[in-house]
file data-v1.cif (mmCIF, C-alpha atoms and all ligand atoms)
data_input
loop_
_atom_site.group_PDB
_atom_site.id
_atom_site.type_symbol
_atom_site.label_atom_id
_atom_site.label_comp_id
_atom_site.auth_asym_id
_atom_site.auth_seq_id
_atom_site.Cartn_x
_atom_site.Cartn_y
_atom_site.Cartn_z
ATOM 1 C CA MET A 1 18.556 47.561 36.798
ATOM 2 C CA GLY A 2 17.465 43.972 36.005
ATOM 3 C CA LYS A 3 17.160 42.675 32.466
ATOM 4 C CA ASP A 4 13.371 43.035 32.240
ATOM 5 C CA ALA A 5 13.467 46.519 33.684
ATOM 6 C CA ARG A 6 16.124 47.444 31.145
ATOM 7 C CA ILE A 7 13.991 46.207 28.277
ATOM 8 C CA LYS A 8 10.942 48.140 29.537
ATOM 9 C CA HIS A 9 13.102 51.177 30.012
ATOM 10 C CA ALA A 10 14.391 50.816 26.464
ATOM 11 C CA ALA A 11 10.857 50.447 25.136
ATOM 12 C CA ARG A 12 9.814 53.678 26.844
ATOM 13 C CA ASN A 13 12.765 55.464 25.343
ATOM 14 C CA SER A 14 12.293 54.242 21.818
ATOM 15 C CA LYS A 15 10.369 56.850 19.840
ATOM 16 C CA SER A 16 11.471 55.607 16.440
ATOM 17 C CA GLY A 17 8.719 53.050 16.041
ATOM 18 C CA VAL A 18 11.219 50.325 15.124
ATOM 19 C CA GLU A 19 11.060 47.081 16.981
ATOM 20 C CA VAL A 20 12.898 47.341 20.264
ATOM 21 C CA GLY A 21 15.831 45.003 20.300
ATOM 22 C CA LYS A 22 17.820 43.427 23.022
ATOM 23 C CA MET A 23 19.076 45.965 25.575
ATOM 24 C CA ASN A 24 22.821 46.082 25.500
ATOM 25 C CA GLN A 25 25.050 47.251 28.301
ATOM 26 C CA LEU A 26 26.096 50.893 28.418
ATOM 27 C CA GLN A 27 28.265 52.085 25.586
ATOM 28 C CA LYS A 28 30.863 54.631 26.551
ATOM 29 C CA ILE A 29 31.778 57.020 23.790
ATOM 30 C CA ILE A 30 34.523 59.496 24.542
ATOM 31 C CA CYS A 31 34.680 62.828 22.722
ATOM 32 C CA VAL A 32 38.255 63.993 22.561
ATOM 33 C CA GLY A 33 40.038 66.900 20.900
ATOM 34 C CA SER A 34 41.453 70.323 21.501
ATOM 35 C CA ALA A 35 39.532 73.076 23.274
ATOM 36 C CA PHE A 36 36.885 74.990 21.296
ATOM 37 C CA VAL A 37 36.418 72.454 18.488
ATOM 38 C CA GLY A 38 32.823 71.644 19.483
ATOM 39 C CA LYS A 39 32.966 68.476 21.598
ATOM 40 C CA THR A 40 30.413 69.713 24.121
ATOM 41 C CA SER A 41 28.248 71.182 21.361
ATOM 42 C CA LEU A 42 28.151 67.891 19.433
ATOM 43 C CA SER A 43 27.150 65.957 22.564
ATOM 44 C CA ARG A 44 24.480 68.516 23.412
ATOM 45 C CA ARG A 45 23.129 68.575 19.856
ATOM 46 C CA PHE A 46 22.838 64.796 19.806
ATOM 47 C CA THR A 47 21.350 64.257 23.266
ATOM 48 C CA LEU A 48 19.349 67.457 23.834
ATOM 49 C CA ASN A 49 18.982 68.833 20.303
ATOM 50 C CA THR A 50 20.145 72.258 21.409
ATOM 51 C CA PHE A 51 23.041 74.531 20.552
ATOM 52 C CA ILE A 52 24.566 77.415 22.460
ATOM 53 C CA HIS A 53 26.648 80.054 20.755
ATOM 54 C CA SER A 54 28.530 81.183 23.810
ATOM 55 C CA TYR A 55 31.527 79.173 24.902
ATOM 56 C CA ILE A 56 31.315 77.399 28.232
ATOM 57 C CA PRO A 57 34.590 75.598 28.878
ATOM 58 C CA THR A 58 34.059 72.057 30.070
ATOM 59 C CA LEU A 59 35.557 71.715 33.518
ATOM 60 C CA GLY A 60 37.288 68.395 33.812
ATOM 61 C CA VAL A 61 34.717 66.041 32.421
ATOM 62 C CA SER A 62 30.986 65.930 31.811
ATOM 63 C CA TRP A 63 28.689 63.352 30.328
ATOM 64 C CA LEU A 64 25.289 63.091 28.726
ATOM 65 C CA THR A 65 23.309 59.983 27.906
ATOM 66 C CA LYS A 66 20.775 58.936 25.303
ATOM 67 C CA THR A 67 19.055 55.649 24.506
ATOM 68 C CA ILE A 68 18.871 54.745 20.845
ATOM 69 C CA THR A 69 17.809 51.772 18.758
ATOM 70 C CA LEU A 70 19.951 50.604 15.886
ATOM 71 C CA THR A 71 18.207 48.505 13.265
ATOM 72 C CA GLN A 72 19.883 45.375 11.950
ATOM 73 C CA GLU A 73 20.591 47.294 8.723
ATOM 74 C CA GLN A 74 22.380 49.981 10.711
ATOM 75 C CA LEU A 75 24.326 47.389 12.681
ATOM 76 C CA ASN A 76 25.389 45.581 9.513
ATOM 77 C CA GLY A 77 25.870 48.746 7.462
ATOM 78 C CA ASN A 78 29.667 48.759 7.423
ATOM 79 C CA LEU A 79 30.230 45.009 7.316
ATOM 80 C CA SER A 80 30.988 42.784 4.370
ATOM 81 C CA LYS A 81 28.716 40.084 5.797
ATOM 82 C CA LYS A 82 25.327 40.531 7.442
ATOM 83 C CA VAL A 83 25.786 39.181 10.935
ATOM 84 C CA TYR A 84 23.182 40.970 13.006
ATOM 85 C CA THR A 85 19.635 39.749 12.729
ATOM 86 C CA GLU A 86 17.900 41.808 15.386
ATOM 87 C CA PRO A 87 17.835 45.469 16.331
ATOM 88 C CA LEU A 88 19.759 46.693 19.312
ATOM 89 C CA THR A 89 18.631 49.200 21.893
ATOM 90 C CA THR A 90 21.513 50.697 23.730
ATOM 91 C CA ARG A 91 22.239 53.442 26.192
ATOM 92 C CA LEU A 92 25.008 55.686 24.994
ATOM 93 C CA SER A 93 26.971 57.701 27.455
ATOM 94 C CA LEU A 94 28.936 60.475 25.849
ATOM 95 C CA TRP A 95 31.942 61.501 27.868
ATOM 96 C CA ASP A 96 33.124 64.929 27.061
ATOM 97 C CA THR A 97 36.619 65.593 28.284
ATOM 98 C CA GLY A 98 37.927 69.102 28.791
ATOM 99 C CA GLY A 99 40.651 69.689 26.204
ATOM 100 C CA GLN A 100 42.554 72.105 28.363
ATOM 101 C CA GLU A 101 46.033 71.113 29.295
ATOM 102 C CA MET A 102 45.378 71.680 32.976
ATOM 103 C CA PHE A 103 43.089 68.671 33.007
ATOM 104 C CA THR A 104 45.577 66.314 31.420
ATOM 105 C CA TYR A 105 46.031 64.485 34.682
ATOM 106 C CA LEU A 106 42.282 63.839 34.922
ATOM 107 C CA ARG A 107 41.670 62.489 31.465
ATOM 108 C CA PRO A 108 43.257 59.030 31.425
ATOM 109 C CA LYS A 109 40.906 57.573 33.989
ATOM 110 C CA TYR A 110 37.939 58.563 31.872
ATOM 111 C CA TYR A 111 39.277 56.465 29.024
ATOM 112 C CA SER A 112 38.789 53.318 31.001
ATOM 113 C CA GLY A 113 36.024 51.131 29.571
ATOM 114 C CA ALA A 114 35.519 53.333 26.507
ATOM 115 C CA THR A 115 33.963 51.511 23.544
ATOM 116 C CA CYS A 116 34.557 54.119 20.831
ATOM 117 C CA ALA A 117 36.478 57.379 20.577
ATOM 118 C CA VAL A 118 35.208 60.368 18.624
ATOM 119 C CA LEU A 119 38.143 62.661 17.895
ATOM 120 C CA VAL A 120 36.988 66.134 16.977
ATOM 121 C CA PHE A 121 38.762 68.964 15.187
ATOM 122 C CA ASP A 122 37.479 72.240 13.775
ATOM 123 C CA ILE A 123 37.728 72.456 9.968
ATOM 124 C CA THR A 124 38.429 76.213 10.258
ATOM 125 C CA ASN A 125 41.331 75.676 12.657
ATOM 126 C CA GLN A 126 44.433 74.020 11.226
ATOM 127 C CA SER A 127 46.136 73.588 14.588
ATOM 128 C CA SER A 128 43.184 71.612 15.952
ATOM 129 C CA PHE A 129 43.733 69.217 13.028
ATOM 130 C CA ASP A 130 47.499 69.107 13.681
ATOM 131 C CA ASP A 131 46.681 68.149 17.278
ATOM 132 C CA ILE A 132 44.726 65.068 16.174
ATOM 133 C CA GLU A 133 47.875 62.940 16.047
ATOM 134 C CA MET A 134 48.555 63.773 19.698
ATOM 135 C CA TRP A 135 44.984 62.830 20.642
ATOM 136 C CA VAL A 136 45.243 59.580 18.704
ATOM 137 C CA ASN A 137 48.397 58.691 20.621
ATOM 138 C CA GLU A 138 46.796 59.477 23.946
ATOM 139 C CA VAL A 139 43.654 57.467 23.196
ATOM 140 C CA VAL A 140 45.497 54.490 21.751
ATOM 141 C CA ALA A 141 47.890 54.404 24.716
ATOM 142 C CA LYS A 142 44.921 54.055 27.062
ATOM 143 C CA CYS A 143 42.601 52.020 24.864
ATOM 144 C CA PRO A 144 44.475 49.875 22.349
ATOM 145 C CA ASP A 145 42.275 48.688 19.436
ATOM 146 C CA ILE A 146 39.433 51.071 20.256
ATOM 147 C CA PRO A 147 37.497 52.131 17.142
ATOM 148 C CA ILE A 148 38.188 55.764 16.266
ATOM 149 C CA VAL A 149 35.985 58.128 14.302
ATOM 150 C CA ILE A 150 37.339 61.529 13.338
ATOM 151 C CA SER A 151 34.869 64.371 13.131
ATOM 152 C CA GLY A 152 35.725 67.520 11.176
ATOM 153 C CA ASN A 153 33.287 69.860 12.929
ATOM 154 C CA LYS A 154 31.839 73.336 12.109
ATOM 155 C CA TYR A 155 30.868 72.292 8.603
ATOM 156 C CA ASP A 156 28.470 75.258 8.535
ATOM 157 C CA LEU A 157 31.660 77.368 8.213
ATOM 158 C CA ASN A 158 32.761 75.396 5.148
ATOM 159 C CA GLU A 159 33.464 78.620 3.226
ATOM 160 C CA ALA A 160 36.051 79.595 5.822
ATOM 161 C CA ARG A 161 37.661 76.195 6.166
ATOM 162 C CA SER A 162 41.413 75.920 6.517
ATOM 163 C CA VAL A 163 41.693 72.123 6.559
ATOM 164 C CA LYS A 164 40.981 70.727 3.092
ATOM 165 C CA ARG A 165 38.583 67.839 3.050
ATOM 166 C CA GLU A 166 40.961 65.757 0.920
ATOM 167 C CA VAL A 167 43.765 66.241 3.453
ATOM 168 C CA ALA A 168 41.565 65.031 6.305
ATOM 169 C CA VAL A 169 40.252 62.123 4.244
ATOM 170 C CA GLU A 170 43.778 61.077 3.277
ATOM 171 C CA TYR A 171 45.013 61.226 6.866
ATOM 172 C CA THR A 172 42.143 59.169 8.208
ATOM 173 C CA ARG A 173 42.340 56.658 5.356
ATOM 174 C CA LEU A 174 46.036 56.058 6.069
ATOM 175 C CA HIS A 175 45.258 55.330 9.697
ATOM 176 C CA ARG A 176 42.126 53.377 8.851
ATOM 177 C CA PHE A 177 39.879 55.613 10.920
ATOM 178 C CA ASP A 178 36.464 56.688 9.744
ATOM 179 C CA TYR A 179 35.942 60.340 8.869
ATOM 180 C CA ILE A 180 32.819 62.453 8.916
ATOM 181 C CA GLU A 181 32.178 66.197 8.676
ATOM 182 C CA THR A 182 29.622 67.551 11.102
ATOM 183 C CA SER A 183 28.028 70.741 12.333
ATOM 184 C CA ALA A 184 26.780 70.956 15.886
ATOM 185 C CA LEU A 185 25.246 74.301 14.917
ATOM 186 C CA SER A 186 23.072 73.057 12.045
ATOM 187 C CA GLY A 187 22.893 69.429 13.199
ATOM 188 C CA TYR A 188 24.457 68.240 9.935
ATOM 189 C CA ASN A 189 25.612 64.599 10.263
ATOM 190 C CA VAL A 190 25.467 64.651 14.071
ATOM 191 C CA ASP A 191 23.087 61.676 14.340
ATOM 192 C CA LYS A 192 25.099 59.897 11.679
ATOM 193 C CA LEU A 193 28.284 60.408 13.706
ATOM 194 C CA PHE A 194 26.928 59.038 16.977
ATOM 195 C CA TYR A 195 24.918 56.211 15.429
ATOM 196 C CA HIS A 196 28.090 55.126 13.684
ATOM 197 C CA ALA A 197 30.033 55.390 16.959
ATOM 198 C CA SER A 198 27.355 53.280 18.621
ATOM 199 C CA ARG A 199 27.503 50.646 15.885
ATOM 200 C CA LEU A 200 31.308 50.517 16.178
ATOM 201 C CA SER A 201 31.007 50.255 19.961
ATOM 202 C CA HIS A 202 28.758 47.256 19.590
ATOM 203 C CA GLN A 203 31.021 45.607 17.044
ATOM 204 C CA PHE A 204 34.043 46.360 19.258
ATOM 205 C CA SER A 205 32.488 44.539 22.168
ATOM 206 C CA ASP A 206 31.457 41.631 19.927
ATOM 207 C CA GLU A 207 34.391 39.270 19.928
ATOM 208 C CA THR A 208 32.928 37.046 17.241
ATOM 209 C CA LEU A 209 33.307 39.823 14.732
ATOM 210 C CA LYS A 210 36.622 39.469 12.948
ATOM 211 C CA PHE A 211 35.979 40.849 9.510
ATOM 212 C CA ARG A 212 35.293 44.531 9.863
ATOM 213 C CA GLU A 213 36.157 46.068 6.549
ATOM 214 C CA GLU A 214 37.253 49.534 5.554
ATOM 215 C CA TYR A 215 34.305 51.853 5.552
ATOM 216 C CA SER A 216 33.712 55.374 4.489
ATOM 217 C CA LEU A 217 30.931 57.573 5.840
HETATM 218 N N1 LIG B 1 29.775 77.674 13.752
HETATM 219 C C1 LIG B 1 29.883 76.649 14.594
HETATM 220 N N2 LIG B 1 30.253 76.874 15.872
HETATM 221 C C2 LIG B 1 30.344 75.806 16.689
HETATM 222 C C3 LIG B 1 30.055 74.489 16.266
HETATM 223 N N3 LIG B 1 30.251 73.635 17.319
HETATM 224 C C4 LIG B 1 30.643 74.426 18.340
HETATM 225 N N4 LIG B 1 30.691 75.724 17.987
HETATM 226 C C5 LIG B 1 31.072 76.874 18.814
HETATM 227 O O1 LIG B 1 32.446 76.719 19.145
HETATM 228 C C6 LIG B 1 32.663 77.096 20.501
HETATM 229 C C7 LIG B 1 33.251 75.918 21.271
HETATM 230 O O2 LIG B 1 32.293 74.886 21.352
HETATM 231 P P1 LIG B 1 32.343 73.797 22.528
HETATM 232 O O3 LIG B 1 31.327 72.770 22.207
HETATM 233 O O4 LIG B 1 32.262 74.443 23.845
HETATM 234 O O5 LIG B 1 33.826 73.227 22.279
HETATM 235 P P2 LIG B 1 34.667 72.202 23.182
HETATM 236 O O6 LIG B 1 35.663 73.036 23.936
HETATM 237 O O7 LIG B 1 35.345 71.315 22.188
HETATM 238 O O8 LIG B 1 33.724 71.459 24.068
HETATM 239 C C8 LIG B 1 31.324 77.584 21.055
HETATM 240 O O9 LIG B 1 31.278 79.000 20.908
HETATM 241 C C9 LIG B 1 30.319 76.926 20.145
HETATM 242 O O10 LIG B 1 29.133 77.677 20.055
HETATM 243 C C10 LIG B 1 29.641 74.282 14.911
HETATM 244 O O11 LIG B 1 29.356 73.174 14.434
HETATM 245 N N5 LIG B 1 29.583 75.411 14.118
HETATM 246 MG MG MG B 2 33.703 71.307 26.142
#
call {"tool": "encode", "arguments": {"input": "data-v1.cif", "output": "structure tokens"}}
result
Amino acid sequence: MGKDARIKHAARNSKSGVEVGKMNQLQKIICVGSAFVGKTSLSRRFTLNTFIHSYIPTLGVSWLTKTITLTQEQLNGNLSKKVYTEPLTTRLSLWDTGGQEMFTYLRPKYYSGATCAVLVFDITNQSSFDDIEMWVNEVVAKCPDIPIVISGNKYDLNEARSVKREVAVEYTRLHRFDYIETSALSGYNVDKLFYHASRLSHQFSDETLKFREEYSL
């Protein structure tokens, strides 16, 4: 698609009423984490605004896309200096990798070109949180320096949680990742998660940006 066509395409896709900014290249956000934590559900909630209760294991890999516009305020939101002066319209592709061990051999090639990693665990499942370290190592081995956001999903089951919020916050703070609790079922914080991932993707690809500061969602 040529530049003009991309801008028109972006304009058609922008329903927010904000000024349509420059169309950026595709952002590739990878959703990683153990099976059953809600990776597919988060992607579906964000792109299609639907939720399915039954479990459909993701076979290998799948992806969904959505075009969004980030305002300059959203782009600058986590920075100590305001550097962005125009909005950005960008096409997000969410890559949803199957967590199952049998697909391990498939996953690394899907990391290539990723601009942000969303690492998901289930707040009611301690072992999915314990697995996060393993996922971090896998992602960082393939994509050094990639921004990482950790999502503690299934917040609607907060009453039944087994991973304390403070424990997750402390872990992510130590590693300087961002942390957000989400619910694909209710939609809680799902837009916030992916808009943040998009903003980080843009900042990641912007080599002039050297002063990203610690940020808490
Ligand atoms: N209560 C609740 N269930 C969820 C949530 N997200 C996903 N699920 C359920 O958890 C199961 C696994 O979800 P799925 O998205 O397939 O997980 P994946 O294996 O990580 O892709 C399914 O039965 C979903 O309906 C959530 O936020 N809250
Ligand atoms: Mg899945």
call {"tool": "residues_near_ligand", "arguments": {"input": "data-v1.cif", "ligand": "ligand LIG 1 (chain B)", "cutoff": "9 Å", "atoms": "all atoms listed in the file", "output": "JSON, numbers by chain"}}
result
{"A": [31, 32, 33, 34, 35, 36, 37, 38, 39, 40, 41, 42, 43, 44, 51, 52, 53, 54, 55, 56, 57, 58, 96, 97, 98, 99, 100, 120, 121, 122, 153, 154, 155, 156, 157, 182, 183, 184, 185, 186, 187, 188]}
call {"tool": "resolve_selection", "arguments": {"input": "data-v1.cif", "expression": "the PyMOL selection byres (((chain A and resi 29) around 10) and not hetatm)", "output": "list in words"}}
result
Leu26, Gln27, Lys28, Ile30, Cys31, Val32, Trp63, Thr65, Leu92, Ser93, Leu94, Trp95, Asp96, Tyr111, Gly113, Ala114, Thr115, Cys116, Ala117, Val118, Ile148, Phe194, Ala197, Ser198 and Ser201 of chain A
call {"tool": "closest_residue", "arguments": {"input": "data-v1.cif", "among": "A:Glu181, A:Glu133, A:Asp206, A:Glu86", "to": "Gln72 in chain A", "atoms": "all atoms listed in the file"}}
result
A:Glu86
call {"tool": "atom_distance", "arguments": {"input": "data-v1.cif", "atom1": "CA of Lys192 in chain A", "atom2": "CA of Ala168 in chain A"}}
result
18.1 Å
call {"tool": "atom_distance", "arguments": {"input": "data-v1.cif", "atom1": "CA of Val169 in chain A", "atom2": "CA of Ile68 in chain A"}}
result
28.1 Å
call {"tool": "decode", "arguments": {"input": "data-v1.cif", "residues": "range 72-99 of chain A", "atoms": "C-alpha atoms", "output": "compact mmCIF listing (two decimals), in the first residue's frame"}}
result
# COMPACT_ATOMS: atom_id res chain seq x y z
CA GLN A 72 0.04 13.14 21.24
CA GLU A 73 -0.97 13.04 24.93
CA GLN A 74 -1.14 9.26 24.78
CA LEU A 75 2.19 9.06 22.98
CA ASN A 76 3.86 11.33 25.53
CA GLY A 77 1.99 9.90 28.52
CA ASN A 78 4.87 7.92 30.02
CA LEU A 79 7.69 10.28 29.11
CA SER A 80 9.42 12.88 31.21
CA LYS A 81 9.56 15.24 28.22
CA LYS A 82 6.86 15.88 25.65
CA VAL A 83 8.41 14.85 22.37
CA TYR A 84 5.48 13.94 20.16
CA THR A 85 3.54 16.78 18.64
CA GLU A 86 1.15 14.95 16.35
CA PRO A 87 -1.16 11.98 16.70
CA LEU A 88 -0.20 8.64 15.27
CA THR A 89 -2.42 6.22 13.43
CA THR A 90 -1.02 2.76 13.44
CA ARG A 91 -1.99 -0.74 12.49
CA LEU A 92 -1.45 -3.15 15.33
CA SER A 93 -1.01 -6.80 14.62
CA LEU A 94 -1.46 -8.95 17.67
CA TRP A 95 0.36 -12.24 17.42
CA ASP A 96 -1.02 -14.83 19.69
CA THR A 97 1.33 -17.73 20.20
CA GLY A 98 0.11 -21.09 21.41
CA GLY A 99 1.56 -21.64 24.88
